[in-house]
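Asker: First the structure, then my questions, so here it is.
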Amino acid sequence: TLFRPAVTFETGCFIEDHGFEAVPLYPGVPERPGVHEPVKPGRPSREINISVRIAGVACGMGEIGWSKVFIHPKFGPRVRLGTILTDAELEPDPLVKSGTLCNRCMRCVPDCPGGAIPKRGERPPIRIQIEDQTYEWGDVQMGRCTLTHHGMNWEASPFLKKSFPGMRLNVRE
């Protein structure tokens, strides 16, 4: 199996070997705001964090579904994105038309074991504009999503029930 950060690092090295700057970024959420000076004048701080999903949309790689999952035209939601900041001039793919890959059927809403994905109209959606396209997705409750994804949801994790039989963390509350 491939370890995605290693592939991102190797790709950054490849870019640098061809004479360009390359800064691989960690895909996680920042723990605190940046405190260090940029490595070079006019460059971002080394602690910068961008939304890899929005960057993927802006590069024409796919769109963000209602559940906030990035969807690729060929591989669907089964992709992991990495980010490299570079000064190499790269040609973006054409934007994927909004609503092409996720038709907003809302099946994800009742299927989410953490109840993190809102129904349409429950909360205002997140909207961004890129060129002439407006993309939107549900304002996912990330606390519920993160707890469920990392196995702390009693409803979704068989391991939690086995290892901590008395613990009944209600993620939905």
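A note on labels: chains of the structure tokens are A, B, ... as shown, every chain counts residues from 1, and ligands are counted from 1 in their shown order.
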Could you go through chain A and tell me which residues DSSP, when run on the backbone, assigns to strand (DSSP E or B), listing them as a VMD selection string?
Answerer: chain A and resid 22 to 25 63 to 64 70 to 72 76 83 to 86 120 123 126 to 130 133 to 137
Asker: Give me a file of those residues, with N, CA and C atoms, as a PDB file, in the first residue's frame.
Answerer:
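The result, written out as part05.pdb:
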```
ATOM      1  N   ALA A  22       8.834  23.705  -4.163  1.00  0.00           N
ATOM      2  CA  ALA A  22       7.756  22.773  -3.838  1.00  0.00           C
ATOM      3  C   ALA A  22       7.647  22.663  -2.328  1.00  0.00           C
ATOM      4  N   VAL A  23       6.451  22.921  -1.817  1.00  0.00           N
ATOM      5  CA  VAL A  23       6.202  22.825  -0.383  1.00  0.00           C
ATOM      6  C   VAL A  23       5.022  21.879  -0.156  1.00  0.00           C
ATOM      7  N   PRO A  24       5.299  20.609   0.206  1.00  0.00           N
ATOM      8  CA  PRO A  24       4.199  19.693   0.518  1.00  0.00           C
ATOM      9  C   PRO A  24       3.512  20.145   1.806  1.00  0.00           C
ATOM     10  N   LEU A  25       2.180  20.052   1.827  1.00  0.00           N
ATOM     11  CA  LEU A  25       1.423  20.478   3.003  1.00  0.00           C
ATOM     12  C   LEU A  25       0.771  19.287   3.678  1.00  0.00           C
ATOM     13  N   GLU A  63     -15.597  17.596  -7.690  1.00  0.00           N
ATOM     14  CA  GLU A  63     -16.455  18.522  -6.954  1.00  0.00           C
ATOM     15  C   GLU A  63     -16.662  18.009  -5.531  1.00  0.00           C
ATOM     16  N   ILE A  64     -17.210  18.851  -4.689  1.00  0.00           N
ATOM     17  CA  ILE A  64     -17.499  18.488  -3.305  1.00  0.00           C
ATOM     18  C   ILE A  64     -18.977  18.119  -3.235  1.00  0.00           C
ATOM     19  N   PHE A  70     -14.981  14.880  -1.177  1.00  0.00           N
ATOM     20  CA  PHE A  70     -14.512  15.210  -2.521  1.00  0.00           C
ATOM     21  C   PHE A  70     -14.842  14.046  -3.450  1.00  0.00           C
ATOM     22  N   ILE A  71     -15.388  14.354  -4.630  1.00  0.00           N
ATOM     23  CA  ILE A  71     -15.788  13.328  -5.591  1.00  0.00           C
ATOM     24  C   ILE A  71     -15.029  13.540  -6.900  1.00  0.00           C
ATOM     25  N   HIS A  72     -14.323  12.509  -7.328  1.00  0.00           N
ATOM     26  CA  HIS A  72     -13.556  12.516  -8.576  1.00  0.00           C
ATOM     27  C   HIS A  72     -14.421  11.924  -9.695  1.00  0.00           C
ATOM     28  N   GLY A  76     -14.781   8.485  -8.014  1.00  0.00           N
ATOM     29  CA  GLY A  76     -15.813   8.830  -7.040  1.00  0.00           C
ATOM     30  C   GLY A  76     -15.203   9.353  -5.748  1.00  0.00           C
ATOM     31  N   THR A  83      -1.473  18.044  -1.188  1.00  0.00           N
ATOM     32  CA  THR A  83      -1.277  19.430  -1.617  1.00  0.00           C
ATOM     33  C   THR A  83       0.203  19.762  -1.650  1.00  0.00           C
ATOM     34  N   ILE A  84       0.616  20.383  -2.742  1.00  0.00           N
ATOM     35  CA  ILE A  84       1.978  20.888  -2.880  1.00  0.00           C
ATOM     36  C   ILE A  84       1.874  22.313  -3.412  1.00  0.00           C
ATOM     37  N   LEU A  85       2.423  23.261  -2.691  1.00  0.00           N
ATOM     38  CA  LEU A  85       2.505  24.628  -3.200  1.00  0.00           C
ATOM     39  C   LEU A  85       3.762  24.713  -4.055  1.00  0.00           C
ATOM     40  N   THR A  86       3.633  25.272  -5.248  1.00  0.00           N
ATOM     41  CA  THR A  86       4.778  25.342  -6.155  1.00  0.00           C
ATOM     42  C   THR A  86       4.704  26.598  -7.008  1.00  0.00           C
ATOM     43  N   ARG A 120     -31.323  19.224   3.657  1.00  0.00           N
ATOM     44  CA  ARG A 120     -31.439  20.485   2.907  1.00  0.00           C
ATOM     45  C   ARG A 120     -32.386  21.408   3.668  1.00  0.00           C
ATOM     46  N   ARG A 123     -29.701  23.839   7.822  1.00  0.00           N
ATOM     47  CA  ARG A 123     -28.734  24.922   8.044  1.00  0.00           C
ATOM     48  C   ARG A 123     -28.347  25.458   6.674  1.00  0.00           C
ATOM     49  N   ILE A 126     -22.788  25.666   2.670  1.00  0.00           N
ATOM     50  CA  ILE A 126     -21.543  26.384   2.389  1.00  0.00           C
ATOM     51  C   ILE A 126     -21.522  26.619   0.883  1.00  0.00           C
ATOM     52  N   ARG A 127     -21.205  27.842   0.458  1.00  0.00           N
ATOM     53  CA  ARG A 127     -21.167  28.167  -0.972  1.00  0.00           C
ATOM     54  C   ARG A 127     -19.855  28.857  -1.304  1.00  0.00           C
ATOM     55  N   ILE A 128     -19.296  28.464  -2.433  1.00  0.00           N
ATOM     56  CA  ILE A 128     -18.117  29.158  -2.953  1.00  0.00           C
ATOM     57  C   ILE A 128     -18.327  29.410  -4.440  1.00  0.00           C
ATOM     58  N   GLN A 129     -17.683  30.434  -4.944  1.00  0.00           N
ATOM     59  CA  GLN A 129     -17.746  30.775  -6.363  1.00  0.00           C
ATOM     60  C   GLN A 129     -16.350  30.596  -6.940  1.00  0.00           C
ATOM     61  N   ILE A 130     -16.218  29.811  -7.998  1.00  0.00           N
ATOM     62  CA  ILE A 130     -14.966  29.667  -8.736  1.00  0.00           C
ATOM     63  C   ILE A 130     -15.314  29.916 -10.193  1.00  0.00           C
ATOM     64  N   GLN A 133     -18.850  29.213 -11.806  1.00  0.00           N
ATOM     65  CA  GLN A 133     -19.543  28.117 -11.131  1.00  0.00           C
ATOM     66  C   GLN A 133     -19.738  28.415  -9.648  1.00  0.00           C
ATOM     67  N   THR A 134     -20.911  28.116  -9.132  1.00  0.00           N
ATOM     68  CA  THR A 134     -21.165  28.184  -7.697  1.00  0.00           C
ATOM     69  C   THR A 134     -21.274  26.758  -7.199  1.00  0.00           C
ATOM     70  N   TYR A 135     -20.441  26.418  -6.231  1.00  0.00           N
ATOM     71  CA  TYR A 135     -20.443  25.090  -5.628  1.00  0.00           C
ATOM     72  C   TYR A 135     -21.010  25.209  -4.220  1.00  0.00           C
ATOM     73  N   GLU A 136     -21.782  24.228  -3.801  1.00  0.00           N
ATOM     74  CA  GLU A 136     -22.319  24.256  -2.446  1.00  0.00           C
ATOM     75  C   GLU A 136     -22.351  22.845  -1.879  1.00  0.00           C
ATOM     76  N   TRP A 137     -22.276  22.780  -0.560  1.00  0.00           N
ATOM     77  CA  TRP A 137     -22.370  21.510   0.153  1.00  0.00           C
ATOM     78  C   TRP A 137     -22.932  21.769   1.534  1.00  0.00           C
TER      79      TRP A 137
END
```
Asker: Each residue of range 80-116 of chain A lying at most 8 Å from range 138-144 of chain A should get a row with its shortest atom-to-atom pair and the distance in Å to one decimal, counting only C-alpha atoms; could you produce that, ordered by chain and increasing number, as a tab-separated table?
Answerer:
```
residue	atom	partner	partner_atom	distance
A:Gly114	CA	A:Arg144	CA	5.5
A:Gly115	CA	A:Arg144	CA	7.1
A:Ala116	CA	A:Gln141	CA	4.8
```
Asker: Only C-alpha atoms, please: the residues just picked out, written as an mmCIF file, in the first residue's frame.
Answerer:
```cif
data_model
loop_
_atom_site.group_PDB
_atom_site.id
_atom_site.type_symbol
_atom_site.label_atom_id
_atom_site.label_comp_id
_atom_site.auth_asym_id
_atom_site.auth_seq_id
_atom_site.Cartn_x
_atom_site.Cartn_y
_atom_site.Cartn_z
ATOM 1 C CA GLY A 114 -23.002 10.377 13.288
ATOM 2 C CA GLY A 115 -25.933 12.444 12.055
ATOM 3 C CA ALA A 116 -23.349 15.015 10.945
#
```
Asker: So the first atom is CA of Gly65 in chain A and the second is CA of Cys102 in chain A; what is the distance between them in Å, to one decimal place?
Answerer: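 Separation of CA of Gly65 in chain A and CA of Cys102 in chain A: 5.2 Å.
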Asker: Work out how far apart CA of Arg172 in chain A and CA of His150 in chain A are and give it in Å to one decimal.
Answerer: 14.7 Å
Asker: Calculate how many Å separate CA of Ser51 in chain A from CA of Gly82 in chain A, rounding to one decimal.
Answerer: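 Distance reported for this atom pair: 10.5 Å.
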Asker: Name the residues of range 29-107 of chain A that fall into alpha helix (DSSP H) according to DSSP on the backbone, using the chain letters and numbers of this document, as JSON, numbers by chain.
Answerer: {"A": [52, 53, 54, 55, 56, 57, 58]}
Asker: So, counting only C-alpha atoms, which residue among A:Glu122, A:Arg168, A:Ala88, A:Asp132 is closest to Phe14 in chain A?
Answerer: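 Once distances to Phe14 in chain A are computed over only C-alpha atoms, the minimum belongs to A:Ala88.
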Asker: Which residues, written as a list in words, have at least one atom at most 12 Å from range 156-163 of chain A, with only C-alpha atoms counted and residues fewer than 3 positions away on the same chain left out?
Answerer: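 Result of the neighbour search: Asp111, Cys112, Pro113, Gly114, Gly115, Arg144, Cys145, Leu147, Thr148, His149, His150, Gly151, Met152, Asn153, Gly166, Met167, Arg168, Leu169, Asn170, Val171 and Arg172 of chain A.
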